[in-house]
>>> print(open('input_4.cif').read())   # mmCIF, C-alpha atoms and all ligand atoms
data_final
#
loop_
_atom_site.group_PDB
_atom_site.id
_atom_site.type_symbol
_atom_site.label_atom_id
_atom_site.label_comp_id
_atom_site.auth_asym_id
_atom_site.auth_seq_id
_atom_site.Cartn_x
_atom_site.Cartn_y
_atom_site.Cartn_z
ATOM 1 C CA MET U 1 83.461 79.714 103.170
ATOM 2 C CA THR U 2 80.637 78.840 100.826
ATOM 3 C CA ASN U 3 77.270 80.592 100.825
ATOM 4 C CA GLN U 4 75.493 77.391 99.802
ATOM 5 C CA ALA U 5 74.030 77.097 103.321
ATOM 6 C CA TYR U 6 72.018 80.239 102.727
ATOM 7 C CA ASN U 7 69.932 78.695 99.925
ATOM 8 C CA LEU U 8 68.777 75.572 101.687
ATOM 9 C CA GLY U 9 65.568 76.909 103.208
ATOM 10 C CA LEU U 10 66.796 76.723 106.787
ATOM 11 C CA ALA U 11 64.675 78.374 109.489
ATOM 12 C CA GLY U 12 67.685 80.483 110.408
ATOM 13 C CA VAL U 13 71.381 80.581 109.634
ATOM 14 C CA GLY U 14 74.255 82.716 110.912
ATOM 15 C CA GLN U 15 77.484 83.724 109.236
ATOM 16 C CA ASP U 16 80.478 81.592 108.223
ATOM 17 C CA VAL U 17 78.394 78.467 107.822
ATOM 18 C CA GLN U 18 79.731 75.758 105.525
ATOM 19 C CA ILE U 19 77.462 72.874 104.611
ATOM 20 C CA TRP U 20 79.270 70.636 102.164
ATOM 21 C CA PRO U 21 77.265 69.752 99.038
ATOM 22 C CA LYS U 22 76.919 66.051 99.760
ATOM 23 C CA ALA U 23 75.415 66.618 103.195
ATOM 24 C CA ASN U 24 71.757 65.603 103.200
ATOM 25 C CA ILE U 25 69.611 68.118 105.088
ATOM 26 C CA ILE U 26 66.007 66.962 105.515
ATOM 27 C CA ALA U 27 63.249 69.318 106.786
ATOM 28 C CA PRO U 28 65.517 72.392 106.717
ATOM 29 C CA GLU U 29 62.550 74.594 107.663
ATOM 30 C CA VAL U 30 62.790 73.402 111.289
ATOM 31 C CA ILE U 31 66.580 73.716 111.516
ATOM 32 C CA THR U 32 68.399 76.801 112.791
ATOM 33 C CA ILE U 33 72.165 77.171 112.672
ATOM 34 C CA GLY U 34 74.384 79.739 114.392
ATOM 35 C CA ASP U 35 77.701 81.244 113.274
ATOM 36 C CA SER U 36 80.892 79.439 112.222
ATOM 37 C CA VAL U 37 79.479 75.970 111.678
ATOM 38 C CA ILE U 38 80.763 73.187 109.418
ATOM 39 C CA ILE U 39 78.634 70.246 108.322
ATOM 40 C CA ASP U 40 80.708 67.781 106.306
ATOM 41 C CA ASP U 41 79.809 65.768 103.230
ATOM 42 C CA PHE U 42 77.839 62.586 103.968
ATOM 43 C CA VAL U 43 76.170 63.941 107.081
ATOM 44 C CA VAL U 44 72.466 63.100 107.247
ATOM 45 C CA LEU U 45 70.652 65.726 109.293
ATOM 46 C CA ILE U 46 66.903 65.199 109.700
ATOM 47 C CA GLY U 47 65.202 68.167 111.316
ATOM 48 C CA GLY U 48 62.529 66.205 113.227
ATOM 49 C CA THR U 49 60.240 68.419 115.315
ATOM 50 C CA LYS U 50 62.999 71.025 115.739
ATOM 51 C CA THR U 51 66.776 71.163 115.481
ATOM 52 C CA THR U 52 68.843 73.976 116.927
ATOM 53 C CA ILE U 53 72.555 74.131 116.201
ATOM 54 C CA GLY U 54 74.624 76.787 117.943
ATOM 55 C CA SER U 55 77.885 78.436 116.887
ATOM 56 C CA PHE U 56 81.360 76.895 116.405
ATOM 57 C CA VAL U 57 79.843 73.474 115.859
ATOM 58 C CA HIS U 58 81.381 70.776 113.650
ATOM 59 C CA ILE U 59 79.406 67.754 112.475
ATOM 60 C CA ALA U 60 81.743 65.295 110.762
ATOM 61 C CA SER U 61 81.181 62.934 107.843
ATOM 62 C CA PHE U 62 78.840 59.970 108.249
ATOM 63 C CA VAL U 63 77.042 61.410 111.256
ATOM 64 C CA LEU U 64 73.305 60.722 111.327
ATOM 65 C CA ILE U 65 71.061 62.994 113.357
ATOM 66 C CA GLY U 66 67.522 61.680 113.162
ATOM 67 C CA GLY U 67 64.697 59.995 114.972
ATOM 68 C CA GLY U 68 62.006 62.620 114.466
ATOM 69 C CA GLY U 69 62.254 64.440 117.812
ATOM 70 C CA GLU U 70 64.073 67.595 118.932
ATOM 71 C CA CYS U 71 67.827 68.040 118.881
ATOM 72 C CA VAL U 72 69.695 70.912 120.528
ATOM 73 C CA ILE U 73 73.408 71.309 119.888
ATOM 74 C CA GLU U 74 74.941 74.154 121.876
ATOM 75 C CA ASP U 75 78.015 76.219 120.979
ATOM 76 C CA PHE U 76 81.463 74.604 120.523
ATOM 77 C CA VAL U 77 80.119 71.071 120.162
ATOM 78 C CA GLY U 78 81.929 68.543 117.958
ATOM 79 C CA ILE U 79 80.310 65.326 116.754
ATOM 80 C CA SER U 80 82.926 63.010 115.223
ATOM 81 C CA GLY U 81 82.582 60.823 112.173
ATOM 82 C CA GLY U 82 80.080 57.998 112.203
ATOM 83 C CA CYS U 83 78.084 59.017 115.270
ATOM 84 C CA HIS U 84 74.392 58.236 115.276
ATOM 85 C CA VAL U 85 72.130 60.541 117.263
ATOM 86 C CA TYR U 86 68.519 59.438 117.746
ATOM 87 C CA SER U 87 65.922 61.850 119.107
ATOM 88 C CA GLY U 88 63.193 59.231 118.856
ATOM 89 C CA ASN U 89 62.543 55.679 117.773
ATOM 90 C CA ASP U 90 60.023 52.855 117.583
ATOM 91 C CA ASP U 91 58.774 51.148 120.724
ATOM 92 C CA TYR U 92 61.248 48.308 121.210
ATOM 93 C CA LEU U 93 59.435 46.930 124.280
ATOM 94 C CA GLY U 94 56.612 45.009 122.691
ATOM 95 C CA SER U 95 53.545 47.269 122.746
ATOM 96 C CA CYS U 96 53.126 47.381 118.968
ATOM 97 C CA LEU U 97 54.520 46.542 115.560
ATOM 98 C CA THR U 98 57.653 48.390 114.468
ATOM 99 C CA GLY U 99 59.279 49.970 111.442
ATOM 100 C CA PRO U 100 58.348 52.517 108.797
ATOM 101 C CA THR U 101 56.593 49.953 106.611
ATOM 102 C CA VAL U 102 53.879 49.485 109.263
ATOM 103 C CA PRO U 103 50.993 52.018 109.279
ATOM 104 C CA PHE U 104 49.832 53.807 112.418
ATOM 105 C CA PRO U 105 48.258 52.872 114.861
ATOM 106 C CA TYR U 106 49.856 49.419 114.483
ATOM 107 C CA ARG U 107 53.163 51.179 115.044
ATOM 108 C CA VAL U 108 54.010 53.805 117.729
ATOM 109 C CA ALA U 109 56.795 56.265 117.039
ATOM 110 C CA ILE U 110 58.207 57.674 120.270
ATOM 111 C CA ARG U 111 59.435 61.247 119.807
ATOM 112 C CA SER U 112 61.898 62.514 122.380
ATOM 113 C CA SER U 113 64.895 64.846 122.389
ATOM 114 C CA VAL U 114 68.670 64.944 122.602
ATOM 115 C CA HIS U 115 70.589 67.879 124.065
ATOM 116 C CA PHE U 116 74.323 68.520 123.660
ATOM 117 C CA GLY U 117 75.688 70.992 126.206
ATOM 118 C CA LYS U 118 78.292 73.580 125.271
ATOM 119 C CA HIS U 119 81.823 72.233 124.595
ATOM 120 C CA ALA U 120 80.722 68.606 124.378
ATOM 121 C CA ILE U 121 82.875 66.490 122.063
ATOM 122 C CA ILE U 122 81.681 63.081 120.953
ATOM 123 C CA GLY U 123 84.174 60.442 119.763
ATOM 124 C CA ALA U 124 83.851 58.608 116.472
ATOM 125 C CA ASN U 125 81.122 56.026 115.945
ATOM 126 C CA SER U 126 79.290 56.723 119.178
ATOM 127 C CA VAL U 127 75.550 56.087 119.431
ATOM 128 C CA ILE U 128 73.284 58.428 121.397
ATOM 129 C CA LEU U 129 69.811 57.174 122.286
ATOM 130 C CA PRO U 130 66.651 59.296 122.706
ATOM 131 C CA GLY U 131 66.045 61.354 125.833
ATOM 132 C CA VAL U 132 69.684 62.000 126.672
ATOM 133 C CA THR U 133 71.242 65.243 127.855
ATOM 134 C CA ILE U 134 74.984 65.439 127.394
ATOM 135 C CA GLY U 135 76.239 67.896 129.976
ATOM 136 C CA GLU U 136 78.389 70.939 129.279
ATOM 137 C CA GLY U 137 82.003 70.074 128.587
ATOM 138 C CA VAL U 138 81.514 66.313 128.333
ATOM 139 C CA ALA U 139 84.012 64.338 126.228
ATOM 140 C CA VAL U 140 82.937 60.914 125.000
ATOM 141 C CA GLY U 141 85.460 58.319 123.815
ATOM 142 C CA ALA U 142 85.218 56.638 120.442
ATOM 143 C CA GLY U 143 82.636 53.904 120.110
ATOM 144 C CA ALA U 144 80.549 54.785 123.157
ATOM 145 C CA LEU U 145 76.888 53.941 123.679
ATOM 146 C CA ILE U 146 75.079 56.721 125.506
ATOM 147 C CA THR U 147 71.811 55.648 127.083
ATOM 148 C CA LYS U 148 71.580 58.102 130.003
ATOM 149 C CA ASP U 149 72.332 61.725 130.842
ATOM 150 C CA LEU U 150 76.050 62.507 131.148
ATOM 151 C CA GLU U 151 77.336 64.762 133.934
ATOM 152 C CA PRO U 152 79.069 68.044 132.937
ATOM 153 C CA TRP U 153 82.843 68.253 132.530
ATOM 154 C CA THR U 154 83.409 64.511 132.635
ATOM 155 C CA ILE U 155 85.146 62.161 130.172
ATOM 156 C CA TYR U 156 83.101 59.041 129.414
ATOM 157 C CA VAL U 157 83.993 55.827 127.570
ATOM 158 C CA GLY U 158 82.425 52.517 126.800
ATOM 159 C CA SER U 159 79.180 50.736 126.103
ATOM 160 C CA PRO U 160 77.208 51.771 128.043
ATOM 161 C CA ALA U 161 79.207 54.933 128.654
ATOM 162 C CA HIS U 162 80.755 55.261 132.117
ATOM 163 C CA PRO U 163 82.896 58.055 133.608
ATOM 164 C CA LEU U 164 86.648 57.806 133.045
ATOM 165 C CA ARG U 165 87.745 60.988 134.774
ATOM 166 C CA ALA U 166 86.955 64.707 135.110
ATOM 167 C CA ARG U 167 87.593 67.038 132.177
ATOM 168 C CA PRO U 168 89.098 70.317 133.404
ATOM 169 C CA LYS U 169 86.961 73.281 132.407
ATOM 170 C CA GLU U 170 88.987 76.350 133.370
ATOM 171 C CA LYS U 171 91.190 76.544 130.254
ATOM 172 C CA ILE U 172 88.324 75.800 127.865
ATOM 173 C CA LEU U 173 86.075 78.485 129.358
ATOM 174 C CA GLU U 174 88.940 80.985 129.439
ATOM 175 C CA LEU U 175 89.660 80.382 125.742
ATOM 176 C CA GLU U 176 85.964 80.669 124.912
ATOM 177 C CA ALA U 177 85.811 84.058 126.623
ATOM 178 C CA GLN U 178 88.884 85.248 124.675
ATOM 179 C CA LEU U 179 87.466 84.024 121.380
ATOM 180 C CA ARG U 180 84.118 85.719 122.012
ATOM 181 C CA GLU U 181 85.930 88.944 122.819
ATOM 182 C CA GLU U 182 87.795 88.598 119.530
ATOM 183 C CA LEU U 183 84.941 87.636 117.223
ATOM 184 C CA TYR U 184 81.854 89.399 118.582
ATOM 185 C CA ASP U 185 81.147 93.115 118.746
ATOM 186 C CA SER U 186 79.804 94.891 121.825
ATOM 187 C CA ALA U 187 76.210 94.201 120.722
ATOM 188 C CA GLY U 188 76.938 90.473 120.609
ATOM 189 C CA LYS U 189 77.005 90.309 116.814
ATOM 190 C CA TYR U 190 79.435 87.841 115.238
ATOM 191 C CA ILE U 191 82.033 89.451 112.994
ATOM 192 C CA PRO U 192 83.458 86.821 110.683
ATOM 193 C CA ASN U 193 87.043 86.759 109.466
ATOM 194 C CA GLN U 194 87.940 89.953 111.215
ATOM 195 C CA THR U 195 90.169 90.366 114.207
ATOM 196 C CA ARG U 196 89.554 92.796 117.013
ATOM 197 C CA ALA U 197 92.525 94.867 115.831
ATOM 198 C CA GLU U 198 91.040 95.134 112.358
ATOM 199 C CA ARG U 199 87.716 96.277 113.837
ATOM 200 C CA GLY U 200 89.512 99.023 115.736
HETATM 201 C C1 LIG U 301 88.391 58.731 125.651
HETATM 202 C C2 LIG U 301 89.761 59.249 125.263
HETATM 203 C C3 LIG U 301 89.661 60.766 125.066
HETATM 204 C C4 LIG U 301 90.673 58.933 126.435
HETATM 205 O O1 LIG U 301 91.973 59.307 126.110
HETATM 206 P P1 LIG U 301 93.156 59.007 127.177
HETATM 207 O O2 LIG U 301 92.905 59.720 128.441
HETATM 208 O O3 LIG U 301 94.443 59.275 126.476
HETATM 209 O O4 LIG U 301 92.894 57.461 127.437
HETATM 210 P P2 LIG U 301 93.922 56.342 127.821
HETATM 211 O O5 LIG U 301 94.506 55.794 126.589
HETATM 212 O O6 LIG U 301 94.833 56.829 128.923
HETATM 213 O O7 LIG U 301 92.943 55.236 128.408
HETATM 214 C C5 LIG U 301 92.444 55.276 129.724
HETATM 215 C C6 LIG U 301 91.551 54.054 129.903
HETATM 216 O O8 LIG U 301 90.358 54.231 129.144
HETATM 217 C C7 LIG U 301 90.220 53.203 128.165
HETATM 218 N N1 LIG U 301 89.710 53.826 126.951
HETATM 219 C C8 LIG U 301 90.264 54.854 126.278
HETATM 220 N N2 LIG U 301 89.485 55.186 125.239
HETATM 221 C C9 LIG U 301 88.444 54.350 125.261
HETATM 222 C C10 LIG U 301 87.322 54.198 124.417
HETATM 223 N N3 LIG U 301 87.113 55.011 123.362
HETATM 224 N N4 LIG U 301 86.427 53.247 124.728
HETATM 225 C C11 LIG U 301 86.619 52.432 125.810
HETATM 226 N N5 LIG U 301 87.678 52.535 126.635
HETATM 227 C C12 LIG U 301 88.573 53.482 126.348
HETATM 228 C C13 LIG U 301 91.610 52.639 127.986
HETATM 229 O O9 LIG U 301 91.555 51.314 127.519
HETATM 230 C C14 LIG U 301 92.156 52.753 129.381
HETATM 231 O O10 LIG U 301 91.622 51.725 130.160
HETATM 232 P P3 LIG U 301 92.523 50.994 131.296
HETATM 233 O O11 LIG U 301 92.863 52.075 132.281
HETATM 234 O O12 LIG U 301 91.610 49.942 131.830
HETATM 235 O O13 LIG U 301 93.723 50.475 130.582
HETATM 236 C C15 LIG U 301 90.273 58.630 123.930
HETATM 237 O O14 LIG U 301 90.686 57.287 124.148
HETATM 238 C C16 LIG U 301 89.205 58.613 122.830
HETATM 239 O O15 LIG U 301 88.409 57.677 122.666
HETATM 240 N N6 LIG U 301 89.195 59.719 122.044
HETATM 241 C C17 LIG U 301 88.249 59.913 120.978
HETATM 242 C C18 LIG U 301 89.007 60.022 119.653
HETATM 243 C C19 LIG U 301 88.072 60.206 118.497
HETATM 244 O O16 LIG U 301 86.990 59.652 118.420
HETATM 245 N N7 LIG U 301 88.501 61.020 117.532
HETATM 246 C C20 LIG U 301 87.670 61.322 116.382
HETATM 247 C C21 LIG U 301 88.195 62.500 115.596
HETATM 248 S S1 LIG U 301 88.250 64.004 116.556
#
>>> encode(input="input_4.cif", output="C-alpha cells")
Amino acid sequence: MTNQAYNLGLAGVGQDVQIWPKANIIAPEVITIGDSVIIDDFVVLIGGTKTTIGSFVHIASFVLIGGGGECVIEDFVGISGGCHVYSGNDDYLGSCLTGPTVPFPYRVAIRSSVHFGKHAIIGANSVILPGVTIGEGVAVGAGALITKDLEPWTIYVGSPAHPLRARPKEKILELEAQLREELYDSAGKYIPNQTRAERG
C-alpha cells in the first residue's frame, strides 16, 4: 500500500492506509483515520468540524462526505460508489436565504452530524441527510434516501429508507473477533501484513 496518506496533513492516520491520488481531501487537519483503510480516486472528503474514520473502512469512488458538520465512521464500514453524506446543510424551511453565494447572516448554515455504526454497509448512490445515526450492522440497499436513524442489524431499502428484514450479526461478529485476533497484538496494536503465525 502507498504511503501517500502519511503526507496529507491528517490529524491522525494508522497503518495500511491507501488514499488514491485523485481523492480530494479537504481540511485534513480535522480528519483522523485508523488502520487498513482505502479511499478511492474521485472521493471528495470534506473534514467539516471533525471527521473520524475507523479501521477496515472502504470509501468508494464518487462518494461525497461533506456538509460542514461532524462525521464518525466506525470500523468495518463500507460506503459504496456515488453515495452522498451530508453532515449539515442550508435551512430549506424558509427562515433565510440559501446557498454559498449569500453572505451571513442572510444565510444560516445548519451544522449537524452523521454517525455510521460498526459493520454498516451503504449501497451505491444512497443519500444520507444530516443528523442521522446508522446503527451497527445496518445494510442499506442501492439508491436509498436516509432521513432518520436506522436500527442496528437491519437491512433497509428505498426512498425514504424502510426496513426490509433483519441482518444476522453472529457470523459477522465472529469473523471480526477472528480477524482482530489475527491482526492485532496483545496490546491492541495493529500489525499490518503479518499473520499471527509469522508473529510467533
Ligand atoms: C438491499 C439488497 C442487499 C437486498 O438484496 P436481496 O435480499 O437479494 O433483495 P431481493 O432481490 O430479494 O429483494 C427483496 C425486495 O426488496 C426490493 N429491493 C431490493 N433492493 C432494493 C433497493 N436497492 N431499493 C429498493 N428496493 C429494493 C426488491 O424489489 C424486493 O421487493 P419485493 O419483495 O416487493 O419484490 C440489494 O438489493 C442491494 O440493493 N444491494 C446493494 C448493492 C450495491 O449497492 N452494491 C454496490 C457495490 S458493493
>>> residues_around(input="input_4.cif", residues="U:Cys96", least_positions_apart="6", cutoff="12 Å", atoms="only C-alpha atoms", output="PyMOL selection string")
chain U and resi 90+102-110
>>> write_last_selection(input="input_4.cif", atoms="C-alpha atoms", output="tab-separated table (two decimals), in the frame of the given file")
chain	number	residue	atom	x	y	z
U	90	ASP	CA	60.02	52.86	117.58
U	102	VAL	CA	53.88	49.48	109.26
U	103	PRO	CA	50.99	52.02	109.28
U	104	PHE	CA	49.83	53.81	112.42
U	105	PRO	CA	48.26	52.87	114.86
U	106	TYR	CA	49.86	49.42	114.48
U	107	ARG	CA	53.16	51.18	115.04
U	108	VAL	CA	54.01	53.80	117.73
U	109	ALA	CA	56.80	56.26	117.04
U	110	ILE	CA	58.21	57.67	120.27
>>> residues_near_ligand(input="input_4.cif", ligand="ligand LIG 301 (chain U)", cutoff="8 Å", atoms="all atoms listed in the file", output="short mmCIF file (atom, residue, chain, number, x, y, z; two decimals) with C-alpha atoms, in the frame of the given file")
data_model
loop_
_atom_site.label_atom_id
_atom_site.label_comp_id
_atom_site.auth_asym_id
_atom_site.auth_seq_id
_atom_site.Cartn_x
_atom_site.Cartn_y
_atom_site.Cartn_z
CA GLY U 78 81.93 68.54 117.96
CA SER U 80 82.93 63.01 115.22
CA GLY U 81 82.58 60.82 112.17
CA ILE U 122 81.68 63.08 120.95
CA GLY U 123 84.17 60.44 119.76
CA ALA U 124 83.85 58.61 116.47
CA ASN U 125 81.12 56.03 115.94
CA ALA U 139 84.01 64.34 126.23
CA VAL U 140 82.94 60.91 125.00
CA GLY U 141 85.46 58.32 123.82
CA ALA U 142 85.22 56.64 120.44
CA GLY U 143 82.64 53.90 120.11
CA ALA U 144 80.55 54.78 123.16
CA ILE U 155 85.15 62.16 130.17
CA TYR U 156 83.10 59.04 129.41
CA VAL U 157 83.99 55.83 127.57
CA GLY U 158 82.42 52.52 126.80
CA SER U 159 79.18 50.74 126.10
CA LEU U 164 86.65 57.81 133.04
#
>>> atom_distance(input="input_4.cif", atom1="atom CA of U:Ala187", atom2="atom CA of U:Gly14")
15.2 Å
>>> atom_distance(input="input_4.cif", atom1="atom CA of U:Ala161", atom2="atom CA of U:Gly69")
22.3 Å
>>> closest_residue(input="input_4.cif", among="U:Ile19, U:Ile53, U:Leu93, U:Ile128", to="U:Asp41", atoms="all atoms listed in the file")
U:Ile19
>>> residues_near_point(input="input_4.cif", point="(76.3, 59.4, 133.4)", cutoff="8 Å", atoms="only C-alpha atoms", output="MDAnalysis selection string")
chainID U and resid 148:151 156 161:163
>>> write_last_selection(input="input_4.cif", atoms="C-alpha atoms", output="CSV table (one decimal), in the coordinates of the input")
chain,number,residue,atom,x,y,z
U,148,LYS,CA,71.6,58.1,130.0
U,149,ASP,CA,72.3,61.7,130.8
U,150,LEU,CA,76.0,62.5,131.1
U,151,GLU,CA,77.3,64.8,133.9
U,156,TYR,CA,83.1,59.0,129.4
U,161,ALA,CA,79.2,54.9,128.7
U,162,HIS,CA,80.8,55.3,132.1
U,163,PRO,CA,82.9,58.1,133.6
>>> closest_residue(input="input_4.cif", among="U:Asp75, U:Pro100, U:Ser113, U:Gly12", to="U:Thr49", atoms="all atoms listed in the file")
U:Ser113
>>> atom_distance(input="input_4.cif", atom1="atom CA of U:Gln178", atom2="atom CA of U:Trp20")
28.5 Å
>>> residues_near_point(input="input_4.cif", point="(79.2, 88.5, 118.1)", cutoff="12 Å", atoms="only C-alpha atoms", output="NGL selection string")
:U and (14-15 or 34-36 or 55-56 or 177 or 179-196)
>>> closest_residue(input="input_4.cif", among="U:Pro21, U:Pro160, U:Gly67, U:Pro168", to="U:Pro130", atoms="only C-alpha atoms")
U:Gly67
>>> residues_around(input="input_4.cif", residues="U:Val37", least_positions_apart="4", cutoff="8 Å", atoms="all atoms listed in the file", output="list in words")
Asp16, Val17, Gln18, Ile19, Ile33, Gly54, Ser55, Phe56, Val57 and His58 of chain U
>>> write_last_selection(input="input_4.cif", atoms="C-alpha atoms", output="PDB file, keeping the file's coordinate frame")
ATOM      1  CA  ASP U  16      80.478  81.592 108.223  1.00  0.00           C
ATOM      2  CA  VAL U  17      78.394  78.467 107.822  1.00  0.00           C
ATOM      3  CA  GLN U  18      79.731  75.758 105.525  1.00  0.00           C
ATOM      4  CA  ILE U  19      77.462  72.874 104.611  1.00  0.00           C
ATOM      5  CA  ILE U  33      72.165  77.171 112.672  1.00  0.00           C
ATOM      6  CA  GLY U  54      74.624  76.787 117.943  1.00  0.00           C
ATOM      7  CA  SER U  55      77.885  78.436 116.887  1.00  0.00           C
ATOM      8  CA  PHE U  56      81.360  76.895 116.405  1.00  0.00           C
ATOM      9  CA  VAL U  57      79.843  73.474 115.859  1.00  0.00           C
ATOM     10  CA  HIS U  58      81.381  70.776 113.650  1.00  0.00           C
TER      11      HIS U  58
END
>>> closest_residue(input="input_4.cif", among="U:Val114, U:Leu175, U:Ala120, U:Ile38", to="U:Trp153", atoms="all atoms listed in the file")
U:Ala120
>>> closest_residue(input="input_4.cif", among="U:Leu10, U:Tyr92, U:Gly47, U:Glu74", to="U:Glu136", atoms="all atoms listed in the file")
U:Glu74
>>> closest_residue(input="input_4.cif", among="U:Ile121, U:Ala23, U:Ile65, U:Ile172", to="U:Phe42", atoms="all atoms listed in the file")
U:Ala23
>>> resolve_selection(input="input_4.cif", expression="the PyMOL selection byres (((chain U and resi 9) around 12) and not hetatm)", output="list in words")
Gln4, Ala5, Tyr6, Asn7, Leu8, Leu10, Ala11, Gly12, Val13, Ile25, Ile26, Ala27, Pro28, Glu29, Val30, Ile31, Thr32, Ile33 and Gly47 of chain U
>>> resolve_selection(input="input_4.cif", expression="the PyMOL selection byres (((chain U and resi 86) around 10) and not hetatm)", output="list in words")
Leu64, Ile65, Gly66, Gly67, Gly68, Gly69, Glu70, Cys71, Cys83, His84, Val85, Ser87, Gly88, Asn89, Arg111, Ser112, Ser113, Val114, Val127, Ile128, Leu129, Pro130, Gly131 and Val132 of chain U
